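Here the structure is laid out as structure tokens; the discussion comes afterwards.
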Amino acid sequence: MTTHGDKTELRKRLRARRRALSEVERFQRSHAICERLRRRSEFQRARRIVLYLPNDGEVDPTPLLDALWGARRMALLPVLRVLAGNRLAFHPYRPGDILAPNRYGIPEPVANPGEAVPPHTLDLVLLPLVAFDSQGRRLGMGGGFYDRTFAFLRQRRQWRRPLLIGVAYDFQEVPELPAEPWDVPLHAVVTETRWIPCAGETPP
Ligand SMILES: Nc1ncnc2c1ncn2[C@@H]1O[C@H](COP(=O)(O)OP(=O)(O)OP(=O)(O)O)[C@@H](O)[C@H]1O
Ligand SMILES: [Mg+2]
């Protein structure tokens, strides 16, 4: 799988499969995934954790909010910054905060750009995805937003955080995704049945 056309086809097929899950299936699978994450030391140690609000049949990570709205922890959500080179900014998300839909209809915090939390100070980021492989390659929705935002992690010697964790249903694993020069690899992927450490990543 090496051409752009393959990526488009794969996106179409796996997005349709994601959306075809019933609400009950999505709920149950999301809960299993969140339970596995909750037990991981990577999650337990993390103080500043980015999640996302699910869209297009994505795994729902919001059951984790209970654990994050306790003492000394911070839940954050991505905010799309078109004027800052189509990057993501990260803003705290607290109970009752007002959200407004972005250009894709996904709700995000209504926040002053000056209050964003710098990406290199985050501990753990949960990323939605369309497909993944065992090398930690990720196929997203195609905007390149996460790749652009975390491009600094490609110098791992200098930047050790945040950990990037893909959140997926088992059926989203594919044998091999095309390697793009701008892709930022995932540290691990968590699914209903597995925690998959990605090849090329060393445990922290
Ligand atoms: N660091 C970067 N600098 C400039 N452009 C980038 C960078 N990273 C990605 N892009 C651009 O973004 C486009 C989409 O990237 P890609 O196909 O990897 O999206 P994706 O990872 O599936 O999407 P997303 O991360 O938004 O879910 C690419 O065609 C590329 O030109
Ligand atoms: Mg990419």
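Quick note on naming: the chains in the structure tokens go A, B, ... in the order shown, residues restart at 1 in each chain, and ligands are numbered from 1 in order of appearance.
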Quick one: everything within 12 Å of Asp147 (chain A), counting only C-alpha atoms, minus sequence neighbours fewer than 5 positions away in the same chain. Send it as a ChimeraX atom specification.
/A:85-88,127,137-142,152-154,164,180-186
Hey, what does DSSP flag as helix (DSSP H, G or I) within region 13-204 of chain A? Can you give it to me as a PyMOL selection string?
chain A and resi 13-19+23-39+41-45+62-68+82-84+113-115+119-121+145-149+151-154+170-172
Apply DSSP to the backbone of this structure and, from region 18-168 of chain A, keep only the residues in strand (DSSP E); write these as a PyMOL selection string.
chain A and resi 48-50+74-81+87-92+99-101+107-109+124-128+131-132+138-139+163-167
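Of the residues under consideration (A:Leu53, A:Leu65, A:Leu129, A:Val82), A:Leu53 shows the shortest atom-to-atom contact distance to Gly105 (chain A) when counting only C-alpha atoms.
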Separation of CA of Arg161 (chain A) from CA of Gln44 (chain A), in Å and rounded to one decimal
15.1 Å
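Here CA of Ile49 (chain A) is placed at a distance of 6.0 Å from CA of Leu76 (chain A).
Nearest to Arg18 (chain A) of all the residues A:Pro175, A:Pro119, A:Gly57, A:Gly70 is A:Gly57, based on only C-alpha atoms.
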Quick one: residues within 12 Å of Pro61 (chain A), only C-alpha atoms, excluding same-chain residues fewer than 2 positions away - as a VMD selection string?
chain A and resid 26 to 38 49 to 55 57 to 59 63 to 68 75 77 125 to 128 165 to 168 190 to 191
Counting only C-alpha atoms and all ligand atoms, which residue out of A:Arg148, A:Arg11, A:Arg160, A:Arg40 sits closest to ligand 2?
A:Arg148
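Take the candidates A:Leu80, A:Val189, A:Met74, A:Leu122 and check each one against ligand 1 using only C-alpha atoms and all ligand atoms; the shortest distance goes to A:Leu80.
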Can you tell me, as a VMD selection string, what residues are no more than 9 Å from Glu173 (chain A) when counting only C-alpha atoms, ignoring any on the same chain fewer than 3 positions away?
chain A and resid 131 to 134 168 to 170 176
With only C-alpha atoms and all ligand atoms as the basis for distance, which of A:Lys12, A:Thr121, A:Gly144, A:Thr193 is at the shortest distance from ligand 2?
A:Gly144
Could you work out how far CA of Arg15 (chain A) lies from atom 16 (P, counted along the ligand's line) of ligand 1, giving the answer in Å with one decimal?
15.2 Å
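Proximity of A:Gly143, A:Glu23, A:Pro118, A:Phe90 to Tyr104 (chain A), computed with only C-alpha atoms, is greatest for A:Gly143.
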